[in-house]
Structures are given as structure tokens and as C-alpha cells.
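Enquirer: Contents are CSV, C-alpha atoms; file name model.csv:
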chain,number,residue,atom,x,y,z
A,1164,MET,CA,10.2,-11.0,-30.3
A,1165,ALA,CA,7.2,-11.6,-28.0
A,1166,ALA,CA,3.7,-10.9,-29.5
A,1167,GLU,CA,1.9,-7.8,-28.3
A,1168,ALA,CA,-0.7,-8.6,-25.6
A,1169,PRO,CA,-4.3,-8.3,-26.9
A,1170,LYS,CA,-6.1,-5.1,-26.0
A,1171,ILE,CA,-8.5,-5.2,-23.1
A,1172,ALA,CA,-12.0,-4.5,-24.3
A,1173,GLN,CA,-14.5,-2.3,-22.4
A,1174,GLY,CA,-16.6,-4.4,-20.1
A,1175,GLU,CA,-14.2,-7.3,-20.2
A,1176,LYS,CA,-13.3,-8.9,-16.9
A,1177,VAL,CA,-10.0,-7.6,-15.5
A,1178,ALA,CA,-8.0,-8.9,-12.5
A,1179,LEU,CA,-6.1,-6.2,-10.6
A,1180,ALA,CA,-2.8,-6.9,-8.7
A,1181,LEU,CA,-2.0,-4.1,-6.3
A,1182,GLY,CA,1.5,-3.7,-5.0
A,1183,ALA,CA,3.2,-3.0,-1.7
A,1184,GLY,CA,4.7,0.4,-1.1
A,1185,GLY,CA,3.7,2.0,2.2
A,1186,ALA,CA,1.9,5.3,1.8
A,1187,ARG,CA,2.7,5.2,-2.0
A,1188,GLY,CA,0.1,2.5,-2.1
A,1189,LEU,CA,-2.6,5.2,-1.7
A,1190,ALA,CA,-1.8,6.1,-5.4
A,1191,GLN,CA,-3.7,2.9,-6.3
A,1192,ILE,CA,-6.9,4.6,-5.3
A,1193,GLY,CA,-6.3,7.0,-8.2
A,1194,VAL,CA,-5.4,4.1,-10.4
A,1195,ILE,CA,-8.7,2.3,-9.7
A,1196,GLU,CA,-10.6,5.5,-10.4
A,1197,ALA,CA,-8.9,5.9,-13.7
A,1198,LEU,CA,-9.6,2.3,-14.7
A,1199,GLN,CA,-13.2,2.7,-13.9
A,1200,ALA,CA,-13.5,6.0,-15.8
A,1201,ARG,CA,-12.3,4.1,-18.9
A,1202,GLY,CA,-15.0,1.5,-18.5
A,1203,LEU,CA,-12.7,-1.4,-17.5
A,1204,ARG,CA,-14.5,-3.9,-15.3
A,1205,ILE,CA,-12.5,-5.0,-12.3
A,1206,SER,CA,-13.7,-8.4,-11.3
A,1207,THR,CA,-11.0,-9.6,-9.0
A,1208,VAL,CA,-8.4,-7.9,-6.8
A,1209,ALA,CA,-5.3,-9.2,-5.1
A,1210,GLY,CA,-3.1,-7.0,-2.9
A,1211,SER,CA,0.0,-7.0,-0.7
A,1212,SER,CA,0.5,-4.6,2.2
A,1213,SER,CA,-0.9,-1.2,1.3
A,1214,GLY,CA,-2.2,-2.8,-1.9
A,1215,ALA,CA,-4.3,-5.1,0.3
A,1216,LEU,CA,-5.6,-2.1,2.2
A,1217,VAL,CA,-6.7,-0.3,-0.9
A,1218,GLY,CA,-7.9,-3.5,-2.7
A,1219,GLY,CA,-9.9,-4.8,0.2
A,1220,ILE,CA,-11.7,-1.5,0.7
A,1221,PHE,CA,-12.4,-1.3,-3.0
A,1222,ALA,CA,-13.7,-4.9,-3.0
A,1223,ALA,CA,-16.0,-3.9,-0.1
A,1224,GLY,CA,-17.5,-1.1,-2.2
A,1225,LYS,CA,-16.2,1.6,0.2
A,1226,LEU,CA,-13.4,3.3,-1.6
A,1227,SER,CA,-15.0,6.7,-2.0
A,1228,GLU,CA,-15.8,6.9,1.7
A,1229,PHE,CA,-12.3,5.8,2.6
A,1230,ARG,CA,-10.8,8.4,0.2
A,1231,GLU,CA,-12.9,11.2,1.8
A,1232,GLN,CA,-11.8,10.1,5.3
A,1233,LEU,CA,-8.1,10.0,4.2
A,1234,GLU,CA,-8.2,13.5,2.7
A,1235,ARG,CA,-9.7,15.0,5.8
A,1236,MET,CA,-6.9,13.7,8.1
A,1237,SER,CA,-3.9,15.7,9.0
A,1238,ARG,CA,-0.3,14.6,9.8
A,1239,ALA,CA,-1.1,14.7,13.5
A,1240,ASP,CA,-4.3,12.6,13.0
A,1241,PHE,CA,-2.3,9.8,11.4
A,1242,LEU,CA,0.4,9.9,14.1
A,1243,ARG,CA,-2.2,9.7,16.8
A,1244,LEU,CA,-3.6,6.5,15.2
A,1245,LEU,CA,-0.2,4.9,15.4
A,1246,ALA,CA,0.1,5.7,19.1
A,1247,ASP,CA,-0.5,2.2,20.4
A,1248,PRO,CA,3.1,1.2,21.3
A,1249,ALA,CA,4.1,-2.4,21.4
A,1250,LEU,CA,7.8,-2.1,22.3
A,1251,GLY,CA,9.2,-5.5,23.3
A,1252,GLN,CA,6.3,-7.4,21.5
A,1253,GLY,CA,7.8,-7.9,18.1
A,1254,GLY,CA,7.2,-4.4,16.7
A,1255,LEU,CA,7.0,-0.7,17.5
A,1256,PHE,CA,3.2,-0.6,17.2
A,1257,HIS,CA,0.2,-2.9,17.4
A,1258,GLY,CA,-1.7,-1.2,14.6
A,1259,GLN,CA,-5.1,-1.9,16.2
A,1260,ARG,CA,-6.0,1.7,16.7
A,1261,LEU,CA,-5.3,2.3,13.0
A,1262,VAL,CA,-7.5,-0.7,12.0
A,1263,ARG,CA,-10.3,0.5,14.2
A,1264,ALA,CA,-10.4,3.9,12.6
A,1265,MET,CA,-10.6,2.4,9.1
A,1266,ARG,CA,-13.1,-0.2,10.2
A,1267,ASP,CA,-15.4,2.6,11.4
A,1268,VAL,CA,-15.6,3.9,7.8
A,1269,VAL,CA,-15.6,0.6,5.9
A,1270,GLY,CA,-17.4,-1.8,8.3
A,1271,ASP,CA,-16.3,-5.3,9.3
A,1272,PRO,CA,-17.3,-7.8,6.5
A,1273,ASP,CA,-15.9,-11.2,5.8
A,1274,ILE,CA,-13.9,-11.5,2.6
A,1275,GLU,CA,-16.2,-14.2,1.1
A,1276,THR,CA,-19.2,-11.8,1.4
A,1277,LEU,CA,-17.6,-8.9,-0.6
A,1278,PRO,CA,-19.1,-7.8,-3.9
A,1279,ILE,CA,-15.8,-8.3,-5.7
A,1280,PRO,CA,-13.6,-11.4,-5.0
A,1281,PHE,CA,-10.5,-10.3,-3.0
A,1282,VAL,CA,-7.2,-11.9,-1.9
A,1283,ALA,CA,-4.9,-10.4,0.7
A,1284,VAL,CA,-1.3,-11.8,0.5
A,1285,ALA,CA,0.7,-12.2,3.7
A,1286,VAL,CA,3.8,-14.2,4.7
A,1287,ASP,CA,4.1,-17.1,7.1
A,1288,LEU,CA,7.3,-16.5,9.1
A,1289,LEU,CA,7.6,-20.0,10.3
A,1290,ARG,CA,7.1,-21.8,7.0
A,1291,GLN,CA,8.7,-18.9,5.0
A,1292,ARG,CA,6.1,-18.8,2.3
A,1293,GLU,CA,3.3,-16.5,1.1
A,1294,VAL,CA,-0.2,-17.1,2.3
A,1295,TRP,CA,-3.4,-16.1,0.3
A,1296,LEU,CA,-6.1,-15.0,2.6
A,1297,ARG,CA,-9.4,-15.4,0.8
A,1298,THR,CA,-11.9,-16.0,3.6
A,1299,GLY,CA,-12.5,-14.7,7.1
A,1300,PRO,CA,-12.7,-11.2,8.5
A,1301,LEU,CA,-11.5,-8.6,6.0
A,1302,TRP,CA,-9.6,-6.5,8.6
A,1303,GLN,CA,-7.8,-9.5,10.0
A,1304,ALA,CA,-6.5,-10.2,6.5
A,1305,ILE,CA,-5.5,-6.6,5.8
A,1306,ARG,CA,-3.8,-6.2,9.2
A,1307,ALA,CA,-1.7,-9.4,8.5
A,1308,SER,CA,-0.8,-8.2,5.0
A,1309,PHE,CA,0.5,-4.8,6.1
A,1310,ALA,CA,2.4,-6.0,9.2
A,1311,ILE,CA,5.8,-4.5,8.2
A,1312,PRO,CA,8.4,-6.4,10.3
A,1313,GLY,CA,9.8,-4.2,13.0
A,1314,LEU,CA,7.1,-1.5,12.6
A,1315,PHE,CA,4.0,-3.6,13.3
A,1316,THR,CA,3.6,-6.7,15.4
A,1317,PRO,CA,2.9,-9.9,13.5
A,1318,ALA,CA,-0.8,-10.9,13.1
A,1319,GLU,CA,-2.0,-14.3,14.2
A,1320,VAL,CA,-4.4,-15.8,11.7
A,1321,HIS,CA,-5.5,-19.5,12.1
A,1322,GLY,CA,-2.6,-20.1,14.5
A,1323,ARG,CA,0.0,-18.7,12.2
A,1324,GLU,CA,2.2,-15.6,12.7
A,1325,LEU,CA,1.8,-13.6,9.5
A,1326,VAL,CA,3.7,-10.5,8.4
A,1327,ASP,CA,3.8,-8.1,5.4
A,1328,GLY,CA,3.0,-9.8,2.1
A,1329,GLY,CA,5.5,-7.5,0.4
A,1330,LEU,CA,8.4,-9.6,1.7
A,1331,LEU,CA,7.7,-12.4,-0.8
A,1332,ALA,CA,5.0,-11.0,-3.1
A,1333,PRO,CA,5.3,-7.2,-3.4
A,1334,LEU,CA,3.3,-7.5,-6.7
A,1335,PRO,CA,0.8,-10.4,-6.1
A,1336,ILE,CA,0.3,-11.5,-9.7
A,1337,ALA,CA,0.0,-15.2,-9.0
A,1338,ALA,CA,-2.8,-14.6,-6.4
A,1339,THR,CA,-5.1,-13.4,-9.2
A,1340,ARG,CA,-4.8,-16.6,-11.2
A,1341,LEU,CA,-7.7,-18.3,-9.4
A,1342,SER,CA,-10.1,-15.8,-10.9
A,1343,ASP,CA,-12.1,-16.1,-14.2
A,1344,ALA,CA,-10.8,-12.8,-15.4
A,1345,HIS,CA,-9.3,-12.8,-19.0
A,1346,ARG,CA,-6.9,-10.0,-18.5
A,1347,LEU,CA,-4.5,-8.7,-15.7
A,1348,ILE,CA,-3.5,-5.2,-14.8
A,1349,ALA,CA,-0.7,-4.8,-12.3
A,1350,VAL,CA,0.3,-1.7,-10.4
A,1351,ASP,CA,4.1,-1.6,-9.7
A,1352,MET,CA,5.0,0.7,-6.9
A,1353,HIS,CA,8.7,0.9,-7.9
A,1354,GLY,CA,8.6,3.1,-11.0
A,1355,TRP,CA,11.5,5.4,-12.0
A,1356,PRO,CA,11.6,8.4,-9.7
A,1357,ALA,CA,9.8,11.5,-10.8
A,1358,HIS,CA,12.8,13.5,-9.4
A,1359,PRO,CA,15.9,11.4,-9.8
A,1360,PRO,CA,19.0,12.0,-7.6
A,1361,GLY,CA,20.6,15.3,-8.5
A,1362,SER,CA,17.3,17.0,-9.5
A,1363,PRO,CA,15.5,19.3,-7.1
A,1364,ALA,CA,12.6,17.5,-5.3
A,1365,PRO,CA,9.4,19.3,-4.3
A,1366,GLU,CA,9.1,20.3,-0.7
A,1367,GLY,CA,6.9,18.2,1.4
A,1368,GLU,CA,4.0,19.4,3.4
A,1369,ALA,CA,5.1,22.1,5.8
A,1370,GLU,CA,5.0,21.2,9.5
A,1371,ASN,CA,2.9,23.5,11.6
A,1372,GLY,CA,2.1,23.8,15.3
A,1373,ASP,CA,-0.7,21.4,16.2
A,1374,PRO,CA,-2.0,21.7,19.7
A,1375,GLY,CA,-3.2,18.1,19.5
A,1376,ARG,CA,0.4,16.7,19.3
A,1377,ASN,CA,1.3,15.3,22.7
A,1378,ARG,CA,4.7,14.1,23.9
A,1379,PHE,CA,4.2,10.6,22.6
A,1380,THR,CA,3.0,11.8,19.2
A,1381,ARG,CA,6.1,13.9,18.9
A,1382,TRP,CA,8.2,10.9,19.8
A,1383,VAL,CA,6.4,8.8,17.1
A,1384,GLU,CA,7.1,11.5,14.6
A,1385,ARG,CA,10.7,11.5,15.4
A,1386,GLN,CA,10.9,7.7,15.1
A,1387,LEU,CA,9.2,7.8,11.7
A,1388,ASP,CA,11.2,10.7,10.3
A,1389,GLN,CA,13.2,9.3,7.5
A,1390,ARG,CA,14.6,12.5,6.1
A,1391,LEU,CA,18.4,12.7,5.6
A,1392,ARG,CA,20.1,15.2,7.9
A,1393,GLU,CA,21.1,18.5,6.3
A,1394,ASP,CA,24.8,17.4,6.0
A,1395,ASP,CA,23.6,14.1,4.3
A,1396,GLU,CA,26.1,12.1,6.4
A,1397,ALA,CA,23.8,10.1,8.5
A,1398,ILE,CA,20.7,8.2,7.8
A,1399,SER,CA,18.1,7.2,10.4
A,1400,LEU,CA,17.4,3.6,11.3
A,1401,THR,CA,13.9,4.0,9.9
A,1402,GLU,CA,15.3,5.3,6.6
A,1403,ILE,CA,17.7,2.3,6.3
A,1404,MET,CA,14.9,-0.1,7.0
A,1405,ALA,CA,12.5,1.5,4.5
A,1406,ARG,CA,15.2,1.7,1.7
A,1407,SER,CA,16.2,-1.9,2.3
A,1408,LEU,CA,12.7,-3.2,2.1
A,1409,ASP,CA,12.0,-1.1,-0.9
A,1410,THR,CA,15.1,-2.3,-2.7
A,1411,MET,CA,14.1,-5.9,-2.0
A,1412,GLN,CA,10.5,-5.5,-3.1
A,1413,ALA,CA,11.6,-3.7,-6.3
A,1414,GLN,CA,13.9,-6.6,-7.3
A,1415,ILE,CA,11.2,-9.2,-6.6
A,1416,SER,CA,8.6,-7.2,-8.5
A,1417,ARG,CA,10.9,-7.1,-11.6
A,1418,VAL,CA,11.2,-10.9,-11.5
A,1419,GLN,CA,7.5,-11.4,-11.1
A,1420,LEU,CA,6.7,-9.1,-14.0
A,1421,ALA,CA,9.3,-10.9,-16.2
A,1422,LEU,CA,8.0,-14.4,-15.4
A,1423,ASP,CA,4.3,-13.6,-15.6
A,1424,PRO,CA,3.8,-10.4,-17.6
A,1425,PRO,CA,0.3,-8.8,-17.3
A,1426,GLU,CA,-1.5,-7.2,-20.2
A,1427,LEU,CA,-0.9,-3.7,-18.6
A,1428,VAL,CA,1.5,-2.4,-16.0
A,1429,ILE,CA,0.9,0.9,-14.3
A,1430,ARG,CA,4.0,2.2,-12.5
A,1431,ILE,CA,4.0,4.6,-9.6
A,1432,PRO,CA,7.3,6.7,-9.1
A,1433,ARG,CA,9.1,5.3,-6.1
A,1434,ASP,CA,9.7,8.9,-4.8
A,1435,ALA,CA,6.0,9.8,-4.8
A,1436,CYS,CA,6.2,10.1,-1.0
A,1437,LEU,CA,8.0,8.6,2.0
A,1438,PHE,CA,6.6,5.2,3.1
A,1439,TYR,CA,4.8,6.7,6.2
A,1440,GLU,CA,3.4,9.9,4.7
A,1441,PHE,CA,-0.2,8.8,4.6
A,1442,TRP,CA,-1.3,12.4,5.3
A,1443,ARG,CA,-0.3,13.3,1.8
A,1444,ALA,CA,-3.2,11.1,0.5
A,1445,ARG,CA,-4.7,13.8,-1.8
A,1446,GLU,CA,-1.6,14.4,-3.8
A,1447,VAL,CA,-0.5,10.7,-3.9
A,1448,ILE,CA,-4.0,9.7,-5.2
A,1449,ALA,CA,-3.7,12.3,-7.9
A,1450,ILE,CA,-0.3,10.9,-8.9
A,1451,GLY,CA,-1.9,7.4,-9.2
A,1452,ARG,CA,-4.6,8.7,-11.4
A,1453,ALA,CA,-2.2,10.6,-13.6
A,1454,GLU,CA,0.2,7.6,-14.0
A,1455,ALA,CA,-2.8,5.3,-14.8
A,1456,ASP,CA,-4.1,7.7,-17.4
A,1457,LYS,CA,-0.6,8.0,-18.9
A,1458,ALA,CA,-0.3,4.2,-19.2
A,1459,LEU,CA,-3.8,3.7,-20.5
A,1460,ASP,CA,-3.3,6.4,-23.2
A,1461,ALA,CA,0.0,4.8,-24.2
A,1462,ALA,CA,-1.8,1.4,-24.5
A,1463,GLY,CA,-4.6,3.0,-26.6
A,1464,TYR,CA,-7.5,2.7,-24.1
Show this structure as C-alpha cells.
Expert:
Amino acid sequence: MAAEAPKIAQGEKVALALGAGGARGLAQIGVIEALQARGLRISTVAGSSSGALVGGIFAAGKLSEFREQLERMSRADFLRLLADPALGQGGLFHGQRLVRAMRDVVGDPDIETLPIPFVAVAVDLLRQREVWLRTGPLWQAIRASFAIPGLFTPAEVHGRELVDGGLLAPLPIAATRLSDAHRLIAVDMHGWPAHPPGSPAPEGEAENGDPGRNRFTRWVERQLDQRLREDDEAISLTEIMARSLDTMQAQISRVQLALDPPELVIRIPRDACLFYEFWRAREVIAIGRAEADKALDAAGY
């Protein structure tokens, strides 16, 4: 039987691996808040996809400002940010409008100048391997790490076409090993559903009439709508893509955790929200904080 991992002491250096999970990744904002409230010192962050988004903004010291901006935004606000179509160019959207909006809040630093060391993990399509982005413009690295194939166009970095890091490293544990941190905390975005199949799920945010929704915004919304039809007989293309990616990432994450177990794993229920529901930031962040507190209490912190 494996020995129990030593407890992480307050003030001890901790590396944080933030996982891929679409809008579920916003739960990691709440996780970071819970860790800091317990006095744990996060000295290094590595992230894939939405984990790179949250991790990079945290490393830049702007997580509070980013959270406030997220919580002010409505469903229509997010859909308008996606409205930079790239049909026929390797994805549905460019993602640049989304990046510009976040850069306005966070700024545009280089990774090597951040107060906390940060690694964004992406995937090189040509060489079929993961890439650790540790220098250069922060937003270039984040944009590459969340370039979900089919949804966003690939990002070109140093002459390489890079896509979502979650394809090969949905839980980037290895990318933290260059740090001098003594302990590792990982956030797995594929925890057991809070509402397993067969149990009633809570209703999502009600849709209301928004005069700001134009024809294209409504089209985007239809394209991103993953919900099953009422008769449950047909699933949208977006739903199939999201479930397939989620299944693959969950399996890879389990292997990564088994091969290189961290001192603490915090698991976010995989049904916390749909992968594109970024407008549910407030409740998803609250879920992250609650799950982190639960894991920390169980570990005796």
C-alpha cells in the first residue's frame, strides 16, 4: 500500500496544475481563492486550455479584476465576443475579439515578466506533441492553449500551428516539474457528476429577450447550443464534439494522475456547466471554491 503523501505546510511552495474543461475551467478561480484563504503559497502555475486562461491571469496578478469582469457579463455579451467568424479558415471563430476583451482587463505582459512563473500547454499539430509556452506574450500563449479544434482557428507561435493543450495534456502535471515547488496540487475537471444520469438536474439560466442580440449572435447561440432535444433522440454536432473531447480528456487525466500523483487533487463535477456557458461564471466559481474547501477539509488543511 502506498504511503500517504506528506501534508502541505502553510507557506510552503506549491505548484498548481489547472486542467482543461471549457467554461468549467472558471471553477478554478474559486479553487485558487480557497487555496489562498488556507494560507497555501502558490509559487508556480501550469494550465491547459481554460486552465491556462485562469492560470495565466492569476500569475499576472489580475484574477480579482478578471472575476469581476466575468460576473458582470451576460449570455449575450459572451456571444458577441465570439462573433468573429472564421468559416473556411480552420475553425468557426478566430477568438481575437474574445482575447482583446480580456487583454483590456489584464494587460499584455510577457510570460517571463509575471510575478508568478507560468506555463501554458498547447499541442503542435504537425509534430503531434505537447508544447510548453514559458516565454513571450501571455495572450499569444493563452490563445494557443485554448484553440479547441473545430471551434477556434489554430494559433501560430514561432512558426508552429498550435491547438488546445487539452488534446494531450488535459491535466498538465509534467509542466510543473521545472519549478522549485515541493508540493503539487492538481485540479481535475472530470469529477463525478453532481447530478448523475437519472437524477433531476437544476435548470440553467433562463433565456430572456435581449435587444442586443443581432441575427449573427442568434446564429452563434444556435451553433453552440448543446442541449438535447426534448425527445432525447438527436444530439447536435456541437454536443457530440464536446462529449467526445471531454471523454478523451477524462481518460488521459486519469492516466496522468495515476502515473504522477500529486499531493492533493481537487475534482470539479463534470456536469458543473456546459463547455460554452461562460456567462454562468458566478455559480461555477462558487462550485470551484466549495469543491476545493471540501478537498482541503478532507485532507486536514
Enquirer: I need the residue nearest Phe1281 (chain A) from this list: A:Leu1179, A:Leu1244, A:Val1294, A:Ala1190. Use all atoms listed in the file for the distance.
Expert: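 Counting all atoms listed in the file, the residue closest to Phe1281 (chain A) is A:Leu1179.
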Enquirer: Rank nothing, just name the residue among A:Leu1314, A:Met1404, A:Ile1195, A:Leu1459 nearest to Leu1245 (chain A), using all atoms listed in the file.
Expert: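 Of all the options, A:Leu1314 lies closest to Leu1245 (chain A).
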Enquirer: A:Leu1181, A:Leu1189, A:Leu1288, A:Leu1347: which is nearest Leu1437 (chain A), counting only C-alpha atoms?
Expert: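 The closest residue to Leu1437 (chain A) is A:Leu1189.
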Enquirer: Given all atoms listed in the file as the basis, pick out the residue of A:Ile1431, A:Ala1413, A:Lys1225, A:Asp1456 nearest to Gln1199 (chain A).
Expert: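 Selected residue with least distance to Gln1199 (chain A): A:Asp1456.
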Enquirer: A:Thr1298, A:Gly1258, A:Ser1237, A:Asp1247: which is nearest Asp1273 (chain A), counting all atoms listed in the file?
Expert: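 Checking each candidate against Asp1273 (chain A), we get A:Thr1298 as the closest.
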Enquirer: Would you kindly return, as a list in words, each protein, DNA or RNA residue with an atom no farther than 7 Å from any atom of Asp1327 (chain A), considering all atoms listed in the file and excluding same-chain residues fewer than 4 positions away?
Expert: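 My reading of the contact set: Ser1212, Ala1285, Val1286, Ala1307, Ser1308, Phe1309, Ala1310, Ile1311 and Pro1312 of chain A.
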Enquirer: Find the residues near Ala1449 (chain A): any atom within 8 Å, counting only C-alpha atoms, skip ones fewer than 4 places away on the same chain, and give them as a PyMOL selection string.
Expert: chain A and resi 1190+1193+1445+1453
Enquirer: Looking at A:Gly1299, A:Pro1317, A:Pro1356, A:Gly1270, which one is nearest to Gly1224 (chain A), with distances taken over only C-alpha atoms?
Expert: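 Closest to Gly1224 (chain A) of all the choices is A:Gly1270.
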